[in-house]
Every structure is written in structure tokens, then in C-alpha cells.
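Take a look at the structure set out below.
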Amino acid sequence: MDKPYQRILTSIIGIPILYLIFYLGGVWFLLLFLIVILMAESELIVLLNKKGFSVQKGLIFLSGVILPVAAYFGFVYFSIVSAAVIIITLLLMLMQEQQGEALAETALNLLAIIYLGWFLSYAILLRNIGDREYMRVLGESNQGLGDLGFFYIIFVVTCSFLNDTGAYYIGKWKGKKKLSPSISPGKTVVGTIAGLISSIITGAVVNLIFGSPLSYSWVFFLGLIVAISAIFGDLFESKIKRIVGVKDSGAILPGHGGILDRFDSLILVFPVSYYFILFYYSLKGASTL
């Protein structure tokens, strides 16, 4: 089966499952991202090992469990655990005798922990953003949103995926000038612009479906920020693959590659969107602490 048809088939199967888990939230959403984070970390470790880099697998996998679990219990717990994980990682460097190797290994451990365990845990903070009382009250009374987190997780994930889709197909059709040939030869300027437009239009449609809780000026900014974050997330993962010398991070998702290949655009989208949304509600008078 051709790759485009594999992509479509995978999406047809995956989208209803993701939607149901996004809707249920809670422990189901946590379990989904525990699986995503651990599988993505496993793929990243394999990539690094192929290049001869050494990392502490146990530390990376442990952080991939405790960071999302801490995020599930709230931002304060997440902040404390994040600081603790980083401090422990740095302290472990002191126990290694070979200084050059210790520095390189610590840097790569932090890369894996921050890039995957930390950034992807923001998905859980975003899904549970309605747990903040002032924001929940504003969402219910001013925006008509009974489940604030469900709206925003659908918004950012849909915008990100449709950004990828628009960039991929329009880039294949009309794209000539490469965006960054040394990092991602397949990305074109035309495709990137199409992705930006797709993200903004998708945001407007999602907003309309949910009864227009956001003004369309904010829809524009959030859709644009999601698209830009998605592009940089995609390029960062492409850079890693370029360094290692592989095309895909894995093969678990037909037509897409590995978990990293499918979720790479979301890695930066979740933290950037989370703080942008907090900024939005702070302007509306909500306490975001």
C-alpha cells in the first residue's frame, strides 16, 4: 500500500480513538500520554545509540513516568518534580569519573527528559486546565464551556495535525523552494505557508463547532502560534534524524513512521499553547497561579 493511503488508513483508525480519550480525559488521557512518552523515549534512545551516544535509560524512563503523573496532580507538583528530576540528573554527573563522557551523557539525558518527558507532560496540564477554579468559572460563565480542557486539547491537536496535513499535500503539489533543505528536504516554503493557513482555518472551525468561545482575533493568534510551534517541533526532530542518518524514528504507525514522527509537531505545541492560554485568561482577570 502506498504511503499516502497508509497515512489515511492510520488516521481513520486513530482519530476516533484519540477523540474518545480526549473527551474522557482523566486517567485515560494520562495513560495515553504515558504510553506516548515512553515509546517516544524508547525511539529516541535507539536513535542516540545508533550514533554511538550513551544515555541512562532508567533515568529517562523513570522521568517519563513521574513527570506526567505529577502533571496530572497539578502544576505545583509538576514544577517541584521537574526541578527535582533536573537536579538529580546533574548530581549523577558528579558520580562519573570520565569528565568528557559525563558531560555528554548528562546533556543527552537532559535532552531526552526535557524534550519528551517534560514537554509532552504539558498535554496533561492543558487537558486539566479547567481544574483551575477561576479559569473554569470564566470558561463556564463567559464562554459557555463546560469542559475547558477538552476544548483546548481538541483545538491545538487538530490545528497541529491539519497544519502537518496542509503542509504535506500542498507542498507535494505546488512546493518547489525548500524551507530548510539541510534539515528537512521534504519541507517547502509553499507547504509551510499552506500549513499556517490550514491551522488558522482549522482553529476557526473548531471554535465555531464549540459555539465560538473565543473571539476570532484570539483564534487567529492561537492557530498561528500552534502552527509555528508545530513547524519548529517538526524541524527539531528532523534535525535529530539527520544527525543520526535515518528517515523515520520507527515504523509502528503505517504511513507515518514512529511515535516521534507522528507527535513531533506536538512536542512544542503543548507547552507553548499552555502558557499562551494562561496569558489569555490572565488578561480576562483569572488567577493563573
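Going through the C-alpha cells in order, the chains are called A, B, and so on, while each chain numbers its residues from 1 and the ligands are numbered from 1 in the order shown.
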- Query: Can you list, as a list in words, every protein, DNA or RNA residue that comes within 8 Å of Asp261 (chain A) when you count only C-alpha atoms, leaving out same-chain residues fewer than 5 positions away?
  - Reply: Glu237, Asp248, Ser249, Gly250 and His256 of chain A
Output file for the residues above (N, CA, C and O atoms, as a short mmCIF file (atom, residue, chain, number, x, y, z; two decimals), in the first residue's frame):
```
data_model
loop_
_atom_site.label_atom_id
_atom_site.label_comp_id
_atom_site.auth_asym_id
_atom_site.auth_seq_id
_atom_site.Cartn_x
_atom_site.Cartn_y
_atom_site.Cartn_z
N GLU A 237 12.95 17.50 15.44
CA GLU A 237 13.04 16.04 15.33
C GLU A 237 13.74 15.64 14.04
O GLU A 237 14.51 14.68 14.00
N ASP A 248 13.05 7.70 9.36
CA ASP A 248 11.96 7.63 10.33
C ASP A 248 12.49 7.19 11.68
O ASP A 248 13.49 6.46 11.76
N SER A 249 11.81 7.61 12.74
CA SER A 249 12.22 7.22 14.09
C SER A 249 11.80 5.81 14.42
O SER A 249 12.31 5.19 15.35
N GLY A 250 10.82 5.28 13.68
CA GLY A 250 10.32 3.93 13.91
C GLY A 250 9.36 3.55 12.79
O GLY A 250 9.30 4.21 11.76
N HIS A 256 3.25 6.88 8.68
CA HIS A 256 3.76 7.99 9.50
C HIS A 256 5.17 7.73 10.01
O HIS A 256 5.95 8.67 10.16
#
```
Can you write out as CSV which residues of region 167-285 of chain A fall within 12 Å of region 32-48 of chain A, alongside each residue's closest atom pair and its distance in Å to one decimal, counting only C-alpha atoms and ordering rows by chain and ascending residue number?
```
residue,atom,partner,partner_atom,distance
A:Glu237,CA,A:Leu44,CA,9.5
A:Ser238,CA,A:Leu47,CA,11.8
A:Lys239,CA,A:Leu47,CA,11.8
A:Ile240,CA,A:Leu47,CA,8.2
A:Lys241,CA,A:Leu47,CA,7.5
A:Arg242,CA,A:Leu47,CA,10.4
A:Ile243,CA,A:Leu48,CA,9.4
A:Val244,CA,A:Leu47,CA,6.4
A:Gly245,CA,A:Leu47,CA,9.0
A:Val246,CA,A:Leu47,CA,8.2
A:Lys247,CA,A:Leu47,CA,10.9
A:Asp248,CA,A:Leu47,CA,9.8
A:Ser249,CA,A:Glu43,CA,6.1
A:Gly250,CA,A:Glu43,CA,6.7
A:Ala251,CA,A:Glu43,CA,10.0
A:Ile252,CA,A:Met39,CA,9.9
A:Leu253,CA,A:Met39,CA,11.9
A:Gly257,CA,A:Glu43,CA,10.8
A:Gly258,CA,A:Glu43,CA,7.6
A:Ile259,CA,A:Ala40,CA,5.6
A:Leu260,CA,A:Ala40,CA,5.3
A:Asp261,CA,A:Ala40,CA,9.0
A:Arg262,CA,A:Ala40,CA,9.8
A:Phe263,CA,A:Val36,CA,8.4
A:Asp264,CA,A:Ala40,CA,9.3
A:Leu266,CA,A:Val36,CA,11.5
A:Ile267,CA,A:Ile37,CA,10.1
```
Just to be explicit: take each residue in the selection above, keep N, CA, C and O atoms, and write the result as a short mmCIF file (atom, residue, chain, number, x, y, z; two decimals), in the first residue's frame.
```
data_model
loop_
_atom_site.label_atom_id
_atom_site.label_comp_id
_atom_site.auth_asym_id
_atom_site.auth_seq_id
_atom_site.Cartn_x
_atom_site.Cartn_y
_atom_site.Cartn_z
N GLU A 237 12.95 17.50 15.44
CA GLU A 237 13.04 16.04 15.33
C GLU A 237 13.74 15.64 14.04
O GLU A 237 14.51 14.68 14.00
N SER A 238 13.49 16.39 12.96
CA SER A 238 14.16 16.12 11.68
C SER A 238 15.67 16.30 11.81
O SER A 238 16.45 15.55 11.22
N LYS A 239 16.07 17.29 12.61
CA LYS A 239 17.50 17.53 12.83
C LYS A 239 18.14 16.34 13.55
O LYS A 239 19.25 15.91 13.18
N ILE A 240 17.45 15.79 14.53
CA ILE A 240 17.96 14.62 15.24
C ILE A 240 18.13 13.45 14.28
O ILE A 240 19.16 12.78 14.26
N LYS A 241 17.11 13.21 13.45
CA LYS A 241 17.17 12.10 12.49
C LYS A 241 18.28 12.34 11.46
O LYS A 241 18.94 11.39 11.02
N ARG A 242 18.46 13.59 11.09
CA ARG A 242 19.50 13.94 10.12
C ARG A 242 20.89 13.65 10.70
O ARG A 242 21.77 13.14 10.01
N ILE A 243 21.07 13.97 11.96
CA ILE A 243 22.36 13.71 12.63
C ILE A 243 22.63 12.20 12.69
O ILE A 243 23.75 11.74 12.44
N VAL A 244 21.58 11.45 13.02
CA VAL A 244 21.72 10.00 13.15
C VAL A 244 21.83 9.33 11.79
O VAL A 244 22.51 8.31 11.62
N GLY A 245 21.13 9.91 10.78
CA GLY A 245 21.16 9.33 9.44
C GLY A 245 20.05 8.36 9.16
O GLY A 245 20.23 7.36 8.46
N VAL A 246 18.84 8.64 9.72
CA VAL A 246 17.68 7.80 9.46
C VAL A 246 16.54 8.64 8.92
O VAL A 246 16.49 9.86 9.13
N LYS A 247 15.61 8.00 8.22
CA LYS A 247 14.46 8.71 7.65
C LYS A 247 13.30 8.80 8.64
O LYS A 247 12.63 9.82 8.75
N ASP A 248 13.05 7.70 9.36
CA ASP A 248 11.96 7.63 10.33
C ASP A 248 12.49 7.19 11.68
O ASP A 248 13.49 6.46 11.76
N SER A 249 11.81 7.61 12.74
CA SER A 249 12.22 7.22 14.09
C SER A 249 11.80 5.81 14.42
O SER A 249 12.31 5.19 15.35
N GLY A 250 10.82 5.28 13.68
CA GLY A 250 10.32 3.93 13.91
C GLY A 250 9.36 3.55 12.79
O GLY A 250 9.30 4.21 11.76
N ALA A 251 8.60 2.48 13.02
CA ALA A 251 7.68 2.01 11.97
C ALA A 251 6.36 1.53 12.55
O ALA A 251 5.62 0.81 11.88
N ILE A 252 6.04 1.98 13.77
CA ILE A 252 4.85 1.45 14.45
C ILE A 252 3.55 1.98 13.85
O ILE A 252 2.51 1.34 13.92
N LEU A 253 3.60 3.18 13.22
CA LEU A 253 2.41 3.79 12.63
C LEU A 253 2.54 3.79 11.11
O LEU A 253 3.30 4.60 10.56
N GLY A 257 5.48 6.47 10.29
CA GLY A 257 6.78 6.13 10.87
C GLY A 257 6.61 5.74 12.33
O GLY A 257 5.78 4.91 12.68
N GLY A 258 7.39 6.39 13.19
CA GLY A 258 7.33 6.08 14.62
C GLY A 258 6.46 7.06 15.39
O GLY A 258 5.87 7.97 14.82
N ILE A 259 6.40 6.84 16.69
CA ILE A 259 5.65 7.75 17.57
C ILE A 259 6.23 9.16 17.50
O ILE A 259 5.49 10.16 17.44
N LEU A 260 7.56 9.25 17.48
CA LEU A 260 8.20 10.56 17.38
C LEU A 260 7.83 11.26 16.08
O LEU A 260 7.62 12.48 16.06
N ASP A 261 7.74 10.51 15.00
CA ASP A 261 7.39 11.10 13.71
C ASP A 261 5.98 11.67 13.71
O ASP A 261 5.71 12.67 13.04
N ARG A 262 5.08 11.04 14.44
CA ARG A 262 3.69 11.49 14.46
C ARG A 262 3.46 12.61 15.48
O ARG A 262 2.67 13.53 15.23
N PHE A 263 4.16 12.55 16.60
CA PHE A 263 3.91 13.51 17.67
C PHE A 263 4.96 14.62 17.74
O PHE A 263 4.89 15.47 18.62
N ASP A 264 5.92 14.61 16.80
CA ASP A 264 6.99 15.61 16.87
C ASP A 264 6.48 17.04 16.85
O ASP A 264 6.97 17.91 17.57
N LEU A 266 3.75 18.15 17.98
CA LEU A 266 3.01 18.49 19.20
C LEU A 266 3.92 18.74 20.40
O LEU A 266 3.48 19.31 21.40
N ILE A 267 5.18 18.32 20.30
CA ILE A 267 6.07 18.39 21.46
C ILE A 267 6.24 19.82 21.95
O ILE A 267 6.23 20.09 23.16
#
```
- Message: According to DSSP computed on the backbone, where in region 81-282 of chain A is there helix (DSSP H, G or I)? Give the residues as a ChimeraX atom specification.
- Response: /A:81-93,99-127,129-131,133-142,148-174,189-209,216-244,259-282
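When the distance limit is 10 Å and only C-alpha atoms are what count, the residues near Thr202 (chain A), minus those fewer than 4 positions from it on the same chain, are A:Phe155, A:Val156, A:Thr158, A:Cys159, A:Ser160, A:Phe161, A:Leu162, A:Asn163, A:Leu196, A:Ile197, A:Ser198, A:Val206, A:Asn207, A:Leu208, A:Val219, A:Phe220, A:Gly223.
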- Query: For Gly130 (chain A), which residue out of A:Phe232, A:Tyr115, A:Tyr275, A:Tyr152 is the nearest one, using only C-alpha atoms?
  - Reply: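 Checking each candidate against Gly130 (chain A), we get A:Tyr152 as the closest.
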- Query: Per DSSP on the backbone, what are the strand (DSSP E) residues of region 60-252 of chain A, as an NGL selection string?
  - Reply: :A and (178-180 or 184-188)
What are the closest atom pairs, with distances in Å to one decimal, for all residues of region 148-225 of chain A lying within 10 Å of region 20-31 of chain A? Consider only C-alpha atoms, order rows by chain and residue number, and present the result as a tab-separated table.
```
residue	atom	partner	partner_atom	distance
A:Gly149	CA	A:Gly25	CA	8.5
A:Phe150	CA	A:Tyr23	CA	6.1
A:Phe151	CA	A:Tyr23	CA	9.1
A:Ile153	CA	A:Phe22	CA	7.3
A:Ile154	CA	A:Phe22	CA	7.4
```
I need the chosen residues saved as an mmCIF file, in the first residue's frame, with all heavy atoms.
```cif
data_model
loop_
_atom_site.group_PDB
_atom_site.id
_atom_site.type_symbol
_atom_site.label_atom_id
_atom_site.label_comp_id
_atom_site.auth_asym_id
_atom_site.auth_seq_id
_atom_site.Cartn_x
_atom_site.Cartn_y
_atom_site.Cartn_z
ATOM 1 N N GLY A 149 -10.672 22.147 29.272
ATOM 2 C CA GLY A 149 -9.532 21.388 28.782
ATOM 3 C C GLY A 149 -9.833 20.620 27.514
ATOM 4 O O GLY A 149 -8.976 20.517 26.627
ATOM 5 N N PHE A 150 -11.038 20.071 27.406
ATOM 6 C CA PHE A 150 -11.418 19.311 26.214
ATOM 7 C C PHE A 150 -11.402 20.212 24.982
ATOM 8 O O PHE A 150 -10.891 19.832 23.922
ATOM 9 C CB PHE A 150 -12.798 18.683 26.403
ATOM 10 C CG PHE A 150 -13.302 17.936 25.200
ATOM 11 C CD1 PHE A 150 -12.594 16.862 24.701
ATOM 12 C CD2 PHE A 150 -14.480 18.315 24.577
ATOM 13 C CE1 PHE A 150 -13.057 16.159 23.585
ATOM 14 C CE2 PHE A 150 -14.945 17.624 23.465
ATOM 15 C CZ PHE A 150 -14.234 16.540 22.971
ATOM 16 N N PHE A 151 -11.945 21.424 25.123
ATOM 17 C CA PHE A 151 -11.951 22.365 24.002
ATOM 18 C C PHE A 151 -10.535 22.682 23.542
ATOM 19 O O PHE A 151 -10.223 22.620 22.349
ATOM 20 C CB PHE A 151 -12.675 23.660 24.389
ATOM 21 C CG PHE A 151 -12.451 24.787 23.411
ATOM 22 C CD1 PHE A 151 -12.987 24.738 22.134
ATOM 23 C CD2 PHE A 151 -11.691 25.894 23.774
ATOM 24 C CE1 PHE A 151 -12.776 25.775 21.227
ATOM 25 C CE2 PHE A 151 -11.468 26.941 22.889
ATOM 26 C CZ PHE A 151 -12.014 26.871 21.601
ATOM 27 N N ILE A 153 -7.622 21.089 24.115
ATOM 28 C CA ILE A 153 -6.821 19.975 23.612
ATOM 29 C C ILE A 153 -7.261 19.621 22.198
ATOM 30 O O ILE A 153 -6.437 19.316 21.323
ATOM 31 C CB ILE A 153 -6.889 18.750 24.560
ATOM 32 C CG1 ILE A 153 -5.624 17.885 24.390
ATOM 33 C CG2 ILE A 153 -8.112 17.896 24.313
ATOM 34 C CD1 ILE A 153 -4.382 18.476 24.952
ATOM 35 N N ILE A 154 -8.574 19.674 21.935
ATOM 36 C CA ILE A 154 -9.071 19.440 20.582
ATOM 37 C C ILE A 154 -8.567 20.531 19.649
ATOM 38 O O ILE A 154 -8.124 20.273 18.522
ATOM 39 C CB ILE A 154 -10.609 19.381 20.561
ATOM 40 C CG1 ILE A 154 -11.113 18.098 21.240
ATOM 41 C CG2 ILE A 154 -11.150 19.471 19.125
ATOM 42 C CD1 ILE A 154 -10.790 16.821 20.485
#
```
- Task: Could you give me, as a PyMOL selection string, the residues within 9 Å of Tyr122 (chain A), counting only C-alpha atoms and dropping anything in the same chain fewer than 3 positions from it?
- Result: chain A and resi 68+71+118-119+125-127+267+270-272+274
- Query: Restricting the calculation to only C-alpha atoms, which member of A:Gly191, A:Pro213, A:Gly144, A:Gly14 is positioned closest to Ile170 (chain A)?
  - Reply: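 Checking each of A:Gly191, A:Pro213, A:Gly144, A:Gly14 against Ile170 (chain A), counting only C-alpha atoms, the winner is A:Gly191.
CA of Lys284 (chain A) sits 12.2 Å away from CA of Ser141 (chain A).
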- Item | For CA of Asn142 (chain A) and CA of Tyr280 (chain A), the interatomic separation in Å (one decimal) |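 Distance reported for this atom pair: 13.3 Å.
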- Counting only C-alpha atoms, the residue of A:Ile231, A:Ile129, A:Val190, A:Leu108 that sits nearest Tyr281 (chain A): A:Ile129
